>>> print(open('query18.pdb').read())   # PDB, C-alpha atoms
ATOM      1  CA  MET A   1      -6.337  -3.186  -5.001
ATOM      2  CA  SER A   2      -8.766  -1.260  -2.896
ATOM      3  CA  HIS A   3     -12.249  -2.272  -3.892
ATOM      4  CA  HIS A   4     -14.178  -1.409  -0.731
ATOM      5  CA  THR A   5     -17.746  -1.978   0.303
ATOM      6  CA  THR A   6     -17.818   0.421   3.244
ATOM      7  CA  ASP A   7     -18.275   4.188   2.851
ATOM      8  CA  SER A   8     -15.354   5.063   5.137
ATOM      9  CA  ASN A   9     -13.005   3.116   2.869
ATOM     10  CA  LYS A  10     -13.771   4.434  -0.613
ATOM     11  CA  GLU A  11     -11.622   3.168  -3.457
ATOM     12  CA  VAL A  12      -8.099   4.548  -3.353
ATOM     13  CA  THR A  13      -6.408   5.474  -6.624
ATOM     14  CA  SER A  14      -3.325   7.413  -7.685
ATOM     15  CA  GLU A  15      -5.588  10.496  -7.735
ATOM     16  CA  THR A  16      -6.988  10.053  -4.196
ATOM     17  CA  THR A  17      -4.099   8.555  -2.193
ATOM     18  CA  ALA A  18      -1.862  10.659   0.035
ATOM     19  CA  ILE A  19       1.179   8.964  -1.568
ATOM     20  CA  TRP A  20       1.198  11.397  -4.522
ATOM     21  CA  GLY A  21       0.705  14.548  -2.404
ATOM     22  CA  ASN A  22       3.229  16.990  -0.918
ATOM     23  CA  HIS A  23       5.394  17.290  -4.050
ATOM     24  CA  ILE A  24       7.769  20.229  -4.376
ATOM     25  CA  THR A  25       9.721  21.832  -7.200
ATOM     26  CA  VAL A  26      13.505  21.634  -7.154
ATOM     27  CA  PRO A  27      15.523  24.662  -8.279
ATOM     28  CA  GLY A  28      17.525  24.036 -11.427
ATOM     29  CA  THR A  29      15.377  21.159 -12.701
ATOM     30  CA  PRO A  30      13.232  21.193 -15.863
ATOM     31  CA  ALA A  31       9.767  22.768 -15.835
ATOM     32  CA  GLY A  32       7.045  20.252 -15.079
ATOM     33  CA  PHE A  33       9.175  18.191 -12.668
ATOM     34  CA  THR A  34       8.215  17.826  -8.996
ATOM     35  CA  VAL A  35       9.412  15.392  -6.342
ATOM     36  CA  ARG A  36       8.358  14.115  -2.939
ATOM     37  CA  THR A  37      11.400  13.359  -0.832
ATOM     38  CA  THR A  38      11.736  10.684   1.815
ATOM     39  CA  PHE A  39      10.811  10.419   5.464
ATOM     40  CA  PRO A  40      12.331  11.150   8.040
ATOM     41  CA  THR A  41      14.470  13.816   6.301
ATOM     42  CA  ASN A  42      11.191  15.343   5.123
ATOM     43  CA  PRO A  43       8.399  14.899   7.731
ATOM     44  CA  ASN A  44       5.855  15.149   4.880
ATOM     45  CA  GLY A  45       7.791  12.635   2.801
ATOM     46  CA  VAL A  46       7.306   8.975   2.009
ATOM     47  CA  GLU A  47       9.068   5.866   3.225
ATOM     48  CA  VAL A  48      10.172   3.582   0.389
ATOM     49  CA  MET A  49      11.141  -0.072   0.706
ATOM     50  CA  LEU A  50      12.362  -2.615  -1.807
ATOM     51  CA  GLU A  51      10.844  -5.882  -0.597
ATOM     52  CA  ARG A  52      11.489  -9.536  -1.427
ATOM     53  CA  TRP A  53       9.020 -12.246  -0.431
ATOM     54  CA  GLU A  54       9.433 -16.004  -0.828
ATOM     55  CA  ALA A  55       6.647 -17.972  -2.558
ATOM     56  CA  GLY A  56       4.173 -19.240   0.030
ATOM     57  CA  SER A  57       4.973 -16.563   2.622
ATOM     58  CA  GLU A  58       2.188 -14.342   3.931
ATOM     59  CA  GLU A  59       1.341 -11.425   6.194
ATOM     60  CA  PRO A  60      -1.480 -11.724   8.753
ATOM     61  CA  PRO A  61      -4.391  -9.275   8.739
ATOM     62  CA  HIS A  62      -2.891  -5.870   9.529
ATOM     63  CA  SER A  63      -3.156  -2.159   8.805
ATOM     64  CA  HIS A  64      -0.802   0.796   8.369
ATOM     65  CA  PRO A  65      -1.078   4.361   9.736
ATOM     66  CA  GLY A  66      -0.686   5.900   6.262
ATOM     67  CA  ASP A  67      -1.788   5.171   2.699
ATOM     68  CA  ASP A  68       0.445   2.720   0.890
ATOM     69  CA  MET A  69       1.273   1.823  -2.690
ATOM     70  CA  THR A  70       2.722  -1.508  -3.830
ATOM     71  CA  VAL A  71       4.270  -1.965  -7.278
ATOM     72  CA  VAL A  72       4.834  -5.622  -8.193
ATOM     73  CA  ILE A  73       8.135  -5.866 -10.056
ATOM     74  CA  GLU A  74       8.258  -9.680 -10.216
ATOM     75  CA  GLY A  75       5.892 -12.427  -9.092
ATOM     76  CA  ARG A  76       2.239 -12.681  -8.103
ATOM     77  CA  MET A  77       0.514 -11.828  -4.819
ATOM     78  CA  SER A  78      -2.984 -11.489  -3.393
ATOM     79  CA  ILE A  79      -4.691  -9.182  -0.912
ATOM     80  CA  GLN A  80      -7.870  -9.734   1.103
ATOM     81  CA  PHE A  81      -9.548  -6.779   2.808
ATOM     82  CA  PHE A  82     -11.371  -7.234   6.126
ATOM     83  CA  ILE A  83     -13.824  -5.394   8.337
ATOM     84  CA  LYS A  84     -14.351  -5.957  12.047
ATOM     85  CA  GLY A  85     -17.436  -8.063  12.708
ATOM     86  CA  VAL A  86     -19.124  -9.149  15.940
ATOM     87  CA  ASP A  87     -17.085 -12.371  16.048
ATOM     88  CA  GLY A  88     -13.836 -11.013  14.627
ATOM     89  CA  LEU A  89     -12.590 -10.115  11.177
ATOM     90  CA  VAL A  90     -14.867 -10.703   8.176
ATOM     91  CA  PRO A  91     -13.649 -10.682   4.537
ATOM     92  CA  ASP A  92     -14.743  -7.506   2.741
ATOM     93  CA  GLY A  93     -15.044  -8.166  -0.987
ATOM     94  CA  ASP A  94     -13.230 -10.642  -3.191
ATOM     95  CA  ARG A  95      -9.540 -11.429  -2.896
ATOM     96  CA  ILE A  96      -7.517  -9.213  -5.247
ATOM     97  CA  PHE A  97      -4.593 -10.515  -7.291
ATOM     98  CA  LEU A  98      -1.620  -8.458  -8.464
ATOM     99  CA  SER A  99       1.034  -9.592 -10.939
ATOM    100  CA  ALA A 100       4.271  -8.107 -12.267
ATOM    101  CA  GLY A 101       3.674  -4.614 -13.657
ATOM    102  CA  GLN A 102       0.570  -3.936 -11.568
ATOM    103  CA  THR A 103       0.157  -1.368  -8.792
ATOM    104  CA  GLY A 104      -2.182  -1.430  -5.812
ATOM    105  CA  TYR A 105      -3.166   1.236  -3.294
ATOM    106  CA  ILE A 106      -4.446   0.763   0.252
ATOM    107  CA  LYS A 107      -6.022   3.495   2.392
ATOM    108  CA  SER A 108      -4.564   4.155   5.842
ATOM    109  CA  GLY A 109      -6.163   2.040   8.560
ATOM    110  CA  ARG A 110      -7.648  -0.454   6.059
ATOM    111  CA  ILE A 111      -7.283  -4.006   7.419
ATOM    112  CA  HIS A 112      -5.825  -6.430   4.872
ATOM    113  CA  ASP A 113      -3.606  -9.469   4.530
ATOM    114  CA  ALA A 114      -1.073 -10.323   1.834
ATOM    115  CA  LYS A 115      -0.158 -13.703   0.379
ATOM    116  CA  TYR A 116       2.806 -14.199  -1.906
ATOM    117  CA  LEU A 117       1.787 -16.831  -4.435
ATOM    118  CA  GLU A 118       5.103 -16.656  -6.285
ATOM    119  CA  LYS A 119       8.497 -15.280  -5.299
ATOM    120  CA  CYS A 120       7.963 -11.494  -5.349
ATOM    121  CA  LYS A 121       9.988  -8.336  -5.676
ATOM    122  CA  LEU A 122       8.014  -5.221  -4.716
ATOM    123  CA  VAL A 123       8.480  -1.483  -4.477
ATOM    124  CA  TYR A 124       6.520  -0.412  -1.396
ATOM    125  CA  VAL A 125       5.775   3.253  -0.689
ATOM    126  CA  HIS A 126       4.203   4.401   2.587
ATOM    127  CA  ASP A 127       2.837   7.889   3.276
ATOM    128  CA  LYS A 128       5.141   9.359   5.934
ATOM    129  CA  GLY A 129       6.648   6.912   8.481
ATOM    130  CA  PHE A 130       5.911   3.193   8.099
ATOM    131  CA  GLY A 131       3.927   1.344  10.750
ATOM    132  CA  PHE A 132       2.418  -2.155  11.032
ATOM    133  CA  VAL A 133      -0.583  -2.945  13.269
ATOM    134  CA  ASP A 134      -1.304  -6.688  13.578
ATOM    135  CA  HIS A 135      -5.047  -7.517  13.644
ATOM    136  CA  SER A 136      -4.741 -11.330  13.720
TER     137      SER A 136
END
>>> encode(input="query18.pdb", output="structure tokens")
Amino acid sequence: MSHHTTDSNKEVTSETTAIWGNHITVPGTPAGFTVRTTFPTNPNGVEVMLERWEAGSEEPPHSHPGDDMTVVIEGRMSIQFFIKGVDGLVPDGDRIFLSAGQTGYIKSGRIHDAKYLEKCKLVYVHDKGFGFVDHS
């Protein structure tokens, strides 16, 4: 979901995103298990949302203050990344499509939109507290 053309926005994966950091062990649980708890109880935690979007709905170009991860449970959506140009926002790369069973990552501060091509159910995870900055 994060195919970037600018150096400051290198591709984000499950290995490079902040989403999978800050895990801890829990006493009394099996070896090999770690967990990252939720924000605000844990200031280094994640904020998790279960989202529903109607077909045809969309989000304007925006960014978030932390890395995010979207897991598509049902439906189909698309994302377009943007960079700031002299005359406003300019598409950065091809539009990316995600369907049920696919996961996408977006780096903090990366401007993007979202279009919901079919009715969608998503699991959305944001590094630390969620924020939405409108760039439209």
>>> atom_distance(input="query18.pdb", atom1="CA of Ser99 in chain A", atom2="CA of Glu74 in chain A")
7.3 Å
>>> residues_around(input="query18.pdb", residues="Ile106 in chain A", least_positions_apart="3", cutoff="9 Å", atoms="only C-alpha atoms", output="PyMOL selection string")
chain A and resi 1-2+11-13+17+64+66-70+109-110+112
>>> resolve_selection(input="query18.pdb", expression="the PyMOL selection byres ((chain A and resi 25) around 6)", output="PyMOL selection string")
chain A and resi 24+26+34
>>> write_last_selection(input="query18.pdb", atoms="C-alpha atoms", output="CSV table (one decimal), in the coordinates of the input")
chain,number,residue,atom,x,y,z
A,24,ILE,CA,7.8,20.2,-4.4
A,26,VAL,CA,13.5,21.6,-7.2
A,34,THR,CA,8.2,17.8,-9.0
>>> atom_distance(input="query18.pdb", atom1="CA of Asp94 in chain A", atom2="CA of Ser63 in chain A")
17.8 Å
>>> resolve_selection(input="query18.pdb", expression="the PyMOL selection byres ((chain A and resi 49) around 9)", output="number ranges by chain")
A: 47-48, 50-51, 122-126
>>> axis_aligned_box(input="query18.pdb", around="range 22-37 of chain A", padding_each_side="6 Å", output="AutoDock Vina command-line options")
--center_x 10.4 --center_y 19.0 --center_z -8.3 --size_x 26.3 --size_y 23.3 --size_z 27.0
>>> resolve_selection(input="query18.pdb", expression="the PyMOL selection byres ((chain A and resi 35) around 12)", output="PDB file with C-alpha atoms, keeping the file's coordinate frame")
ATOM      1  CA  ILE A  19       1.179   8.964  -1.568  1.00  0.00           C
ATOM      2  CA  TRP A  20       1.198  11.397  -4.522  1.00  0.00           C
ATOM      3  CA  GLY A  21       0.705  14.548  -2.404  1.00  0.00           C
ATOM      4  CA  ASN A  22       3.229  16.990  -0.918  1.00  0.00           C
ATOM      5  CA  HIS A  23       5.394  17.290  -4.050  1.00  0.00           C
ATOM      6  CA  ILE A  24       7.769  20.229  -4.376  1.00  0.00           C
ATOM      7  CA  THR A  25       9.721  21.832  -7.200  1.00  0.00           C
ATOM      8  CA  VAL A  26      13.505  21.634  -7.154  1.00  0.00           C
ATOM      9  CA  PRO A  27      15.523  24.662  -8.279  1.00  0.00           C
ATOM     10  CA  THR A  29      15.377  21.159 -12.701  1.00  0.00           C
ATOM     11  CA  PRO A  30      13.232  21.193 -15.863  1.00  0.00           C
ATOM     12  CA  GLY A  32       7.045  20.252 -15.079  1.00  0.00           C
ATOM     13  CA  PHE A  33       9.175  18.191 -12.668  1.00  0.00           C
ATOM     14  CA  THR A  34       8.215  17.826  -8.996  1.00  0.00           C
ATOM     15  CA  ARG A  36       8.358  14.115  -2.939  1.00  0.00           C
ATOM     16  CA  THR A  37      11.400  13.359  -0.832  1.00  0.00           C
ATOM     17  CA  THR A  38      11.736  10.684   1.815  1.00  0.00           C
ATOM     18  CA  ASN A  42      11.191  15.343   5.123  1.00  0.00           C
ATOM     19  CA  ASN A  44       5.855  15.149   4.880  1.00  0.00           C
ATOM     20  CA  GLY A  45       7.791  12.635   2.801  1.00  0.00           C
ATOM     21  CA  VAL A  46       7.306   8.975   2.009  1.00  0.00           C
TER      22      VAL A  46
END
>>> closest_residue(input="query18.pdb", among="A:Ala31, A:Met77, A:Val133, A:Ile83", to="Leu98 in chain A", atoms="all atoms listed in the file")
A:Met77
>>> closest_residue(input="query18.pdb", among="A:Asp92, A:Asp127, A:Asp134, A:Glu118", to="Glu54 in chain A", atoms="only C-alpha atoms")
A:Glu118
>>> residues_around(input="query18.pdb", residues="Glu59 in chain A", least_positions_apart="6", cutoff="10 Å", atoms="only C-alpha atoms", output="list in words")
Ile79, His112, Asp113, Ala114, Lys115, Tyr116, Asp134 and Ser136 of chain A
>>> atom_distance(input="query18.pdb", atom1="CA of Pro40 in chain A", atom2="CA of Thr16 in chain A")
22.9 Å
>>> closest_residue(input="query18.pdb", among="A:Gly101, A:Phe39, A:Ile96, A:Lys128", to="Ser78 in chain A", atoms="only C-alpha atoms")
A:Ile96
>>> closest_residue(input="query18.pdb", among="A:Pro60, A:Gly104, A:Pro43, A:Pro65", to="Phe82 in chain A", atoms="all atoms listed in the file")
A:Pro60
>>> residues_near_point(input="query18.pdb", point="(2.7, -11.8, -11.5)", cutoff="6 Å", atoms="only C-alpha atoms", output="PyMOL selection string")
chain A and resi 75-76+99-100
>>> write_last_selection(input="query18.pdb", atoms="C-alpha atoms", output="PDB file, keeping the file's coordinate frame")
ATOM      1  CA  GLY A  75       5.892 -12.427  -9.092  1.00  0.00           C
ATOM      2  CA  ARG A  76       2.239 -12.681  -8.103  1.00  0.00           C
ATOM      3  CA  SER A  99       1.034  -9.592 -10.939  1.00  0.00           C
ATOM      4  CA  ALA A 100       4.271  -8.107 -12.267  1.00  0.00           C
TER       5      ALA A 100
END
